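data00.csv, holding CSV, C-alpha atoms:
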```csv
chain,number,residue,atom,x,y,z
V,535,MET,CA,-3.1,-78.9,38.6
V,536,ARG,CA,-6.6,-79.9,37.6
V,537,HIS,CA,-8.0,-79.2,34.2
V,538,HIS,CA,-11.8,-78.9,33.6
V,539,THR,CA,-14.2,-78.1,30.8
V,540,ILE,CA,-17.7,-77.1,31.8
V,541,ASP,CA,-20.7,-75.6,29.9
V,542,ILE,CA,-21.5,-72.0,30.6
V,543,ASP,CA,-24.7,-71.1,28.7
V,544,GLY,CA,-23.7,-73.4,25.8
V,545,ILE,CA,-20.0,-72.4,25.7
V,546,ASP,CA,-17.4,-75.0,26.4
V,547,THR,CA,-15.3,-73.3,29.0
V,548,PHE,CA,-11.8,-74.7,29.9
V,549,TYR,CA,-10.2,-73.7,33.2
V,550,ARG,CA,-7.3,-74.7,35.4
V,551,GLU,CA,-7.6,-75.1,39.1
V,552,GLU,CA,-5.1,-75.7,42.0
V,553,GLY,CA,-5.4,-75.9,45.7
V,554,PRO,CA,-7.9,-77.1,48.4
V,555,ALA,CA,-11.6,-76.8,47.5
V,556,ASP,CA,-12.3,-75.1,50.9
V,557,ALA,CA,-9.4,-72.6,50.6
V,558,PRO,CA,-9.8,-68.8,49.9
V,559,VAL,CA,-10.1,-68.2,46.2
V,560,LEU,CA,-7.9,-66.3,43.8
V,561,LEU,CA,-9.5,-65.8,40.4
V,562,LEU,CA,-7.2,-65.2,37.5
V,563,PRO,CA,-8.6,-63.8,34.2
V,564,HIS,CA,-5.9,-63.8,31.6
V,565,GLY,CA,-4.8,-61.2,29.1
V,566,TYR,CA,-4.0,-60.9,25.3
V,567,PRO,CA,-2.8,-63.0,23.5
V,568,SER,CA,-2.5,-65.7,26.1
V,569,SER,CA,-4.9,-67.8,28.1
V,570,SER,CA,-4.9,-69.5,31.5
V,571,PHE,CA,-1.6,-70.9,30.4
V,572,GLN,CA,0.1,-67.7,31.5
V,573,PHE,CA,-0.6,-68.7,35.2
V,574,ARG,CA,0.8,-72.2,34.8
V,575,HIS,CA,3.7,-71.7,37.2
V,576,PHE,CA,2.1,-69.1,39.5
V,577,MET,CA,-0.9,-71.3,40.5
V,578,PRO,CA,1.0,-74.3,41.9
V,579,ALA,CA,3.2,-71.9,44.0
V,580,LEU,CA,0.1,-70.8,46.0
V,581,ALA,CA,-1.7,-74.1,46.1
V,582,ASP,CA,-0.9,-75.0,49.7
V,583,ARG,CA,-3.1,-72.2,51.0
V,584,TRP,CA,-5.1,-70.9,48.1
V,585,ARG,CA,-7.6,-72.2,45.6
V,586,THR,CA,-6.5,-70.6,42.3
V,587,ILE,CA,-8.9,-70.7,39.3
V,588,ALA,CA,-8.0,-69.5,35.8
V,589,PRO,CA,-10.5,-69.8,33.0
V,590,ASP,CA,-9.8,-69.5,29.2
V,591,LEU,CA,-12.2,-66.8,28.0
V,592,PRO,CA,-14.3,-67.5,25.0
V,593,GLY,CA,-12.2,-67.2,21.8
V,594,PHE,CA,-9.0,-67.9,23.7
V,595,GLY,CA,-7.1,-71.1,24.7
V,596,TYR,CA,-9.1,-74.3,24.9
V,597,SER,CA,-12.5,-72.7,25.4
V,598,GLY,CA,-15.1,-72.5,22.7
V,599,THR,CA,-15.6,-69.8,20.2
V,600,PRO,CA,-19.3,-69.0,19.9
V,601,ASP,CA,-20.7,-67.2,16.9
V,602,PRO,CA,-20.3,-63.4,17.3
V,603,ASP,CA,-24.1,-63.1,16.9
V,604,ASP,CA,-24.5,-65.2,20.0
V,605,PHE,CA,-21.7,-63.8,22.3
V,606,ALA,CA,-20.5,-60.2,22.8
V,607,TYR,CA,-16.8,-60.3,22.3
V,608,SER,CA,-16.3,-57.1,24.3
V,609,PHE,CA,-15.0,-56.1,27.7
V,610,ALA,CA,-18.6,-55.9,29.0
V,611,GLY,CA,-19.4,-59.3,27.4
V,612,TYR,CA,-16.4,-60.9,29.0
V,613,ALA,CA,-17.2,-59.4,32.4
V,614,ASP,CA,-20.7,-60.8,32.2
V,615,PHE,CA,-19.3,-64.2,31.1
V,616,LEU,CA,-16.8,-64.2,34.0
V,617,ASP,CA,-19.7,-63.4,36.4
V,618,ARG,CA,-21.6,-66.4,35.1
V,619,PHE,CA,-18.5,-68.5,35.5
V,620,ALA,CA,-18.0,-67.5,39.1
V,621,ALA,CA,-21.7,-68.2,39.8
V,622,ARG,CA,-21.4,-71.6,38.1
V,623,LEU,CA,-18.5,-72.5,40.4
V,624,GLY,CA,-20.2,-71.1,43.5
V,625,LEU,CA,-17.6,-68.5,44.2
V,626,SER,CA,-19.1,-66.2,46.8
V,627,SER,CA,-15.9,-64.3,47.5
V,628,PHE,CA,-12.5,-64.1,45.9
V,629,ALA,CA,-9.4,-62.1,45.3
V,630,LEU,CA,-8.7,-61.0,41.7
V,631,TYR,CA,-5.5,-61.0,39.7
V,632,LEU,CA,-5.7,-58.1,37.3
V,633,HIS,CA,-3.4,-58.2,34.3
V,634,ASP,CA,-3.7,-56.8,30.7
V,635,TYR,CA,-7.3,-57.3,29.4
V,636,GLY,CA,-8.0,-59.2,32.5
V,637,SER,CA,-7.6,-56.0,34.5
V,638,GLN,CA,-10.5,-54.2,32.8
V,639,ILE,CA,-12.6,-57.4,32.7
V,640,GLY,CA,-11.9,-58.1,36.3
V,641,LEU,CA,-12.7,-54.6,37.5
V,642,ARG,CA,-16.0,-54.7,35.7
V,643,LEU,CA,-16.7,-57.9,37.5
V,644,ALA,CA,-15.7,-56.4,40.8
V,645,MET,CA,-18.1,-53.4,40.2
V,646,LYS,CA,-21.0,-55.8,39.8
V,647,ASP,CA,-20.8,-56.9,43.4
V,648,PRO,CA,-18.0,-55.2,45.4
V,649,GLY,CA,-18.7,-57.1,48.5
V,650,ARG,CA,-17.4,-60.4,47.2
V,651,ILE,CA,-14.0,-59.0,46.3
V,652,THR,CA,-11.5,-59.7,49.1
V,653,ALA,CA,-8.4,-58.2,47.5
V,654,LEU,CA,-6.7,-57.2,44.3
V,655,ILE,CA,-3.3,-58.1,42.8
V,656,ILE,CA,-2.6,-55.6,40.0
V,657,GLN,CA,0.1,-56.5,37.5
V,658,ASN,CA,0.5,-54.4,34.4
V,659,GLY,CA,-3.2,-53.5,33.9
V,660,ASP,CA,-3.8,-49.9,32.8
V,661,ILE,CA,-6.8,-47.8,33.9
V,662,TYR,CA,-5.3,-44.3,33.7
V,663,GLU,CA,-5.5,-42.7,30.3
V,664,ASP,CA,-2.9,-40.0,31.0
V,665,GLN,CA,-0.3,-42.7,31.7
V,666,LEU,CA,-0.7,-44.8,28.7
V,667,GLY,CA,2.6,-45.7,27.0
V,668,PRO,CA,3.9,-44.9,23.5
V,669,LYS,CA,2.7,-48.3,22.1
V,670,TYR,CA,-0.8,-47.0,22.3
V,671,GLY,CA,0.1,-44.6,19.4
V,672,THR,CA,-0.9,-46.9,16.6
V,673,LEU,CA,-4.2,-47.7,18.3
V,674,ARG,CA,-5.0,-44.1,19.0
V,675,GLU,CA,-4.4,-43.1,15.4
V,676,HIS,CA,-6.7,-45.9,14.3
V,677,TRP,CA,-9.4,-44.9,16.8
V,678,LYS,CA,-9.3,-41.3,15.5
V,679,HIS,CA,-9.0,-42.0,11.8
V,680,PRO,CA,-9.9,-45.6,11.0
V,681,THR,CA,-9.0,-46.7,7.5
V,682,PRO,CA,-8.7,-50.1,5.8
V,683,ASP,CA,-4.9,-49.7,6.1
V,684,SER,CA,-4.9,-48.9,9.8
V,685,ARG,CA,-7.2,-51.8,10.5
V,686,ARG,CA,-4.9,-54.0,8.4
V,687,ALA,CA,-2.0,-53.0,10.7
V,688,LEU,CA,-4.0,-54.3,13.7
V,689,ALA,CA,-4.8,-57.5,11.8
V,690,ASP,CA,-1.1,-58.0,10.9
V,691,ALA,CA,-0.2,-57.8,14.6
V,692,VAL,CA,-2.4,-60.9,15.2
V,693,SER,CA,0.3,-63.3,14.0
V,694,GLU,CA,3.0,-65.5,15.4
V,695,GLU,CA,5.6,-62.8,15.0
V,696,GLY,CA,3.2,-60.2,16.5
V,697,PHE,CA,2.6,-62.4,19.5
V,698,ARG,CA,6.4,-62.9,19.9
V,699,HIS,CA,6.8,-59.2,20.0
V,700,GLU,CA,4.1,-58.9,22.7
V,701,PHE,CA,6.1,-61.2,24.9
V,702,VAL,CA,9.7,-60.3,24.3
V,703,GLY,CA,9.8,-57.1,22.2
V,704,GLU,CA,10.3,-54.7,25.0
V,705,VAL,CA,12.2,-56.3,27.9
V,706,ASP,CA,16.0,-56.0,28.2
V,707,GLU,CA,17.9,-58.6,26.2
V,708,ARG,CA,19.2,-60.3,29.3
V,709,LEU,CA,15.6,-61.1,30.3
V,710,VAL,CA,14.5,-62.6,26.9
V,711,GLU,CA,16.0,-66.0,27.7
V,712,LEU,CA,13.7,-66.2,30.7
V,713,ILE,CA,10.6,-66.0,28.6
V,714,SER,CA,9.5,-69.3,27.2
V,715,PRO,CA,8.7,-69.4,23.4
V,716,ASP,CA,5.8,-71.6,24.4
V,717,LEU,CA,3.9,-68.4,25.1
V,718,TRP,CA,3.7,-67.4,21.4
V,719,LYS,CA,4.4,-70.8,19.8
V,720,LEU,CA,1.4,-72.4,21.6
V,721,SER,CA,-0.9,-69.3,21.7
V,722,TRP,CA,-0.7,-68.6,17.9
V,723,PRO,CA,-2.1,-72.0,16.6
V,724,LEU,CA,-5.0,-71.6,19.0
V,725,ILE,CA,-5.8,-68.1,17.7
V,726,ASP,CA,-5.1,-68.8,14.1
V,727,ARG,CA,-8.7,-69.2,13.0
V,728,PRO,CA,-10.7,-66.7,11.1
V,729,VAL,CA,-13.3,-65.9,13.8
V,730,ARG,CA,-10.7,-65.7,16.6
V,731,ARG,CA,-8.4,-63.5,14.5
V,732,GLN,CA,-11.3,-61.1,14.0
V,733,VAL,CA,-12.2,-61.2,17.7
V,734,MET,CA,-8.6,-60.1,18.5
V,735,VAL,CA,-8.8,-57.2,16.1
V,736,GLY,CA,-12.2,-56.3,17.5
V,737,LEU,CA,-10.9,-56.2,21.0
V,738,MET,CA,-8.1,-53.8,20.0
V,739,GLU,CA,-10.7,-51.5,18.5
V,740,GLY,CA,-12.9,-52.0,21.6
V,741,LEU,CA,-10.2,-50.5,23.8
V,742,LYS,CA,-11.4,-47.1,22.6
V,743,GLU,CA,-14.7,-47.6,24.3
V,744,ASN,CA,-13.0,-49.1,27.3
V,745,LEU,CA,-11.2,-45.8,27.9
V,746,GLU,CA,-14.5,-44.3,28.8
V,747,TRP,CA,-14.7,-46.8,31.6
V,748,PHE,CA,-11.4,-45.7,33.1
V,749,PRO,CA,-13.0,-43.1,35.4
V,750,ARG,CA,-15.5,-45.7,36.6
V,751,TYR,CA,-12.8,-48.1,37.5
V,752,GLN,CA,-11.0,-45.4,39.4
V,753,ALA,CA,-14.3,-44.4,41.2
V,754,TYR,CA,-14.8,-48.0,42.3
V,755,LEU,CA,-11.3,-48.1,43.8
V,756,ARG,CA,-11.8,-44.8,45.6
V,757,GLU,CA,-15.1,-45.8,47.0
V,758,HIS,CA,-14.4,-49.3,48.1
V,759,GLN,CA,-10.7,-49.3,48.9
V,760,PRO,CA,-10.1,-53.0,48.4
V,761,PRO,CA,-6.7,-54.3,49.8
V,762,ALA,CA,-4.4,-54.0,46.8
V,763,LEU,CA,-0.9,-55.3,45.9
V,764,ILE,CA,0.7,-53.7,42.8
V,765,VAL,CA,3.5,-55.7,41.3
V,766,TRP,CA,4.6,-54.2,38.0
V,767,GLY,CA,7.2,-54.7,35.3
V,768,PRO,CA,8.0,-51.2,34.0
V,769,GLN,CA,9.6,-52.4,30.8
V,770,ASP,CA,6.2,-52.1,29.1
V,771,GLY,CA,5.5,-49.9,26.1
V,772,TYR,CA,1.8,-49.9,26.9
V,773,MET,CA,1.9,-49.6,30.6
V,774,PRO,CA,5.2,-48.0,31.9
V,775,GLU,CA,6.0,-47.1,35.5
V,776,GLY,CA,3.7,-44.1,35.6
V,777,ALA,CA,0.7,-46.4,34.9
V,778,ALA,CA,1.6,-48.3,38.1
V,779,ARG,CA,2.1,-45.3,40.3
V,780,ALA,CA,-1.2,-43.8,39.1
V,781,TYR,CA,-3.1,-46.4,41.1
V,782,LEU,CA,-1.9,-44.7,44.3
V,783,ARG,CA,-4.1,-41.7,43.5
V,784,ASP,CA,-7.1,-43.8,44.3
V,785,LEU,CA,-5.6,-46.5,46.4
V,786,PRO,CA,-3.2,-44.6,48.7
V,787,LYS,CA,-2.7,-47.6,51.0
V,788,ALA,CA,-1.8,-50.0,48.1
V,789,GLU,CA,1.5,-51.8,48.3
V,790,LEU,CA,3.6,-50.9,45.2
V,791,HIS,CA,6.5,-53.0,44.0
V,792,LEU,CA,8.4,-52.1,40.7
V,793,LEU,CA,10.1,-55.2,39.4
V,794,ASP,CA,13.0,-55.7,37.0
V,795,GLY,CA,10.8,-57.0,34.2
V,796,GLY,CA,8.1,-56.1,31.7
V,797,HIS,CA,4.5,-56.8,30.8
V,798,TRP,CA,4.9,-60.6,31.4
V,799,ALA,CA,6.6,-60.4,34.7
V,800,LEU,CA,5.3,-63.8,35.8
V,801,GLU,CA,7.8,-65.2,33.3
V,802,THR,CA,10.8,-63.2,34.6
V,803,ASN,CA,10.0,-62.4,38.2
V,804,LEU,CA,7.9,-65.4,39.3
V,805,THR,CA,9.6,-66.1,42.6
V,806,GLU,CA,9.4,-62.4,43.6
V,807,ILE,CA,5.8,-62.1,42.7
V,808,VAL,CA,4.9,-65.4,44.5
V,809,GLY,CA,6.6,-64.2,47.7
V,810,LEU,CA,4.9,-60.8,47.6
V,811,THR,CA,1.5,-62.3,46.8
V,812,ARG,CA,1.7,-64.9,49.6
V,813,ASP,CA,2.7,-62.3,52.2
V,814,PHE,CA,0.0,-59.9,51.0
V,815,LEU,CA,-2.8,-62.4,50.9
V,816,ASP,CA,-1.8,-63.9,54.3
V,817,ARG,CA,-2.0,-60.5,55.9
V,818,ASN,CA,-5.2,-59.3,54.1
V,819,VAL,CA,-7.4,-62.3,53.5
V,820,SER,CA,-8.4,-64.8,56.1
```
How does this structure look as structure tokens?
Amino acid sequence: MRHHTIDIDGIDTFYREEGPADAPVLLLPHGYPSSSFQFRHFMPALADRWRTIAPDLPGFGYSGTPDPDDFAYSFAGYADFLDRFAARLGLSSFALYLHDYGSQIGLRLAMKDPGRITALIIQNGDIYEDQLGPKYGTLREHWKHPTPDSRRALADAVSEEGFRHEFVGEVDERLVELISPDLWKLSWPLIDRPVRRQVMVGLMEGLKENLEWFPRYQAYLREHQPPALIVWGPQDGYMPEGAARAYLRDLPKAELHLLDGGHWALETNLTEIVGLTRDFLDRNVS
């Protein structure tokens, strides 16, 4: 694994990279509340045939935290940043791993230039409003009737205990021991800064605007039909099984695999996802 920090328009940007420089590229934008760290085991497992690249987005991990007056901490802002990152690294074509926030950011990136997207690997990334899970209830209530108390509830979730619940709060007890506490123990100290905590709350509030993009994401999939592998952990209060199956409405040829896991399936189902990914990419991307 190689670890780099480069300057993207004045922002120190950390990223991890594995694999030969001339190999086909798999770009891995991360989700909340983690960073490129979430792909630490997945990337080496593909490194013999694929160049895997996972950046820390601004405000996350080891990347910088520009002033909110200078950087748009929104899904659109992150997609623009990821576009500049790909250009800086000279990535003319790549497959995308879509997970959590990274699914919406990655799809916005794909829509900017569909011709450079070679394939999609979709893992617990929601873009169908009618299939959102029960954990969206608190967010929906805040979106409809925002109050200081409801915003405080969002802020309270940005905590070490809140992060722990994100990682282990929904999966079967027998799977909890497979999920490393490093995920929340290491993520929380990196987020526990005033600006970063506010960024996290703002992104939760920004999910409301992001819902308006769901039909656009679906239209992109219908029109361009990128090769797609769906690997999904149904033990997910935000994105249950129906959220995975909904992709087949717009990608009827996608390969769907429901796993015995939850939102962080790379922790509990790594070997299975690696095998499915290698087979899928070998067949669909030269």
Around (-3.0, -77.5, 42.4) in the file's frame, which residues reach within 9 Å when counting all atoms listed in the file? Return as a PDB file with C-alpha atoms, in the frame of the given file?
```pdb
ATOM      1  CA  MET V 535      -3.100 -78.900  38.600  1.00  0.00           C
ATOM      2  CA  ARG V 536      -6.600 -79.900  37.600  1.00  0.00           C
ATOM      3  CA  ARG V 550      -7.300 -74.700  35.400  1.00  0.00           C
ATOM      4  CA  GLU V 551      -7.600 -75.100  39.100  1.00  0.00           C
ATOM      5  CA  GLU V 552      -5.100 -75.700  42.000  1.00  0.00           C
ATOM      6  CA  GLY V 553      -5.400 -75.900  45.700  1.00  0.00           C
ATOM      7  CA  PRO V 554      -7.900 -77.100  48.400  1.00  0.00           C
ATOM      8  CA  MET V 577      -0.900 -71.300  40.500  1.00  0.00           C
ATOM      9  CA  PRO V 578       1.000 -74.300  41.900  1.00  0.00           C
ATOM     10  CA  ALA V 579       3.200 -71.900  44.000  1.00  0.00           C
ATOM     11  CA  LEU V 580       0.100 -70.800  46.000  1.00  0.00           C
ATOM     12  CA  ALA V 581      -1.700 -74.100  46.100  1.00  0.00           C
ATOM     13  CA  ASP V 582      -0.900 -75.000  49.700  1.00  0.00           C
ATOM     14  CA  TRP V 584      -5.100 -70.900  48.100  1.00  0.00           C
ATOM     15  CA  ARG V 585      -7.600 -72.200  45.600  1.00  0.00           C
ATOM     16  CA  THR V 586      -6.500 -70.600  42.300  1.00  0.00           C
TER      17      THR V 586
END
```
**OP:** Find the spatial neighbours of His537 (chain V), counting only C-alpha atoms, within a cut-off of 12 Å - ignore same-chain residues fewer than 4 positions away - and output them as a ChimeraX atom specification.
**Re:** /V:547-552,570-571,574,586-590,596-597
Output of the above residues as a compact mmCIF listing (two decimals), in the coordinates of the input, restricted to C-alpha atoms:
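For reference, part.txt as written:
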```txt
# COMPACT_ATOMS: atom_id res chain seq x y z
CA THR V 547 -15.30 -73.30 29.00
CA PHE V 548 -11.80 -74.70 29.90
CA TYR V 549 -10.20 -73.70 33.20
CA ARG V 550 -7.30 -74.70 35.40
CA GLU V 551 -7.60 -75.10 39.10
CA GLU V 552 -5.10 -75.70 42.00
CA SER V 570 -4.90 -69.50 31.50
CA PHE V 571 -1.60 -70.90 30.40
CA ARG V 574 0.80 -72.20 34.80
CA THR V 586 -6.50 -70.60 42.30
CA ILE V 587 -8.90 -70.70 39.30
CA ALA V 588 -8.00 -69.50 35.80
CA PRO V 589 -10.50 -69.80 33.00
CA ASP V 590 -9.80 -69.50 29.20
CA TYR V 596 -9.10 -74.30 24.90
CA SER V 597 -12.50 -72.70 25.40
```
**OP:** Determine, counting all atoms listed in the file, which protein, DNA and RNA residues have an atom within 12 Å of an atom of Glu707 (chain V); residues of the same chain fewer than 4 positions away are not included. Present the result as an MDAnalysis selection string.
**Re:** chainID V and resid 702:703 711:713 769 795:796 802
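Among the candidates V:Arg779, V:Arg674, V:Arg642, V:Arg650, the residue lying nearest to Trp747 (chain V) is V:Arg642 (atoms considered: all atoms listed in the file).
When the distance limit is 7 Å and only C-alpha atoms are what count, the residues near region 804-816 of chain V, minus those fewer than 3 positions from it on the same chain, are Phe576, Ala579, Leu763, Val765, Ala799, Leu800, Glu801, Val819 and Ser820 of chain V.
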Determine, using all atoms listed in the file, which residues of region 610-677 of chain V have any atom at most 8 Å from an atom of region 771-774 of chain V, and tabulate each with its shortest atom pair and distance in Å to one decimal place, rows ordered by chain and then rising number, as JSON lines.
```
{"residue": "V:Asn658", "atom": "CA", "partner": "V:Met773", "partner_atom": "CA", "distance": 6.3}
{"residue": "V:Gly659", "atom": "CA", "partner": "V:Met773", "partner_atom": "CA", "distance": 7.2}
{"residue": "V:Asp660", "atom": "CA", "partner": "V:Met773", "partner_atom": "CA", "distance": 6.1}
{"residue": "V:Gln665", "atom": "CA", "partner": "V:Met773", "partner_atom": "CA", "distance": 7.3}
{"residue": "V:Leu666", "atom": "CA", "partner": "V:Met773", "partner_atom": "CA", "distance": 5.8}
{"residue": "V:Gly667", "atom": "CA", "partner": "V:Tyr772", "partner_atom": "CA", "distance": 4.3}
{"residue": "V:Pro668", "atom": "CA", "partner": "V:Gly771", "partner_atom": "CA", "distance": 5.9}
{"residue": "V:Lys669", "atom": "CA", "partner": "V:Gly771", "partner_atom": "CA", "distance": 5.1}
{"residue": "V:Tyr670", "atom": "CA", "partner": "V:Tyr772", "partner_atom": "CA", "distance": 6.0}
```
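Straight-line separation from CA of Gly598 (chain V) to CA of Arg730 (chain V): 10.1 Å.
In this model, the gap between CA of Gly595 (chain V) and CA of Lys719 (chain V) comes to 12.5 Å.
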**OP:** Can you work out the spacing between CA of Pro563 (chain V) and CA of Gln638 (chain V) in Å, to one decimal?
**Re:** 9.9 Å
Report as JSON lines the residues of region 573-683 of chain V within 8 Å of region 743-746 of chain V, each with its shortest atom pair and distance in Å (one decimal), using all atoms listed in the file, ordered by chain and increasing residue number.
```
{"residue": "V:Phe609", "atom": "CA", "partner": "V:Asn744", "partner_atom": "CA", "distance": 7.3}
{"residue": "V:Gln638", "atom": "CA", "partner": "V:Asn744", "partner_atom": "CA", "distance": 7.9}
{"residue": "V:Ile661", "atom": "CA", "partner": "V:Leu745", "partner_atom": "CA", "distance": 7.7}
{"residue": "V:Glu663", "atom": "CA", "partner": "V:Leu745", "partner_atom": "CA", "distance": 6.9}
```
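When all atoms listed in the file are used to compute distances to Gly544 (chain V), the closest of the residues V:Pro592, V:Gly611, V:Gly671, V:Pro567 turns out to be V:Pro592.
When only C-alpha atoms are used to compute distances to Pro680 (chain V), the closest of the residues V:Ala610, V:Glu739, V:Phe697, V:Gln752 turns out to be V:Glu739.
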Original post:
Near Gly736 (chain V), counting all atoms listed in the file, which residues have an atom at most 12 Å away, once you skip same-chain residues fewer than 4 positions from it, shown as a PyMOL selection string?
Top reply: chain V and resi 593+602+606-609+673+677+685-686+688-689+692+729-732+740-743
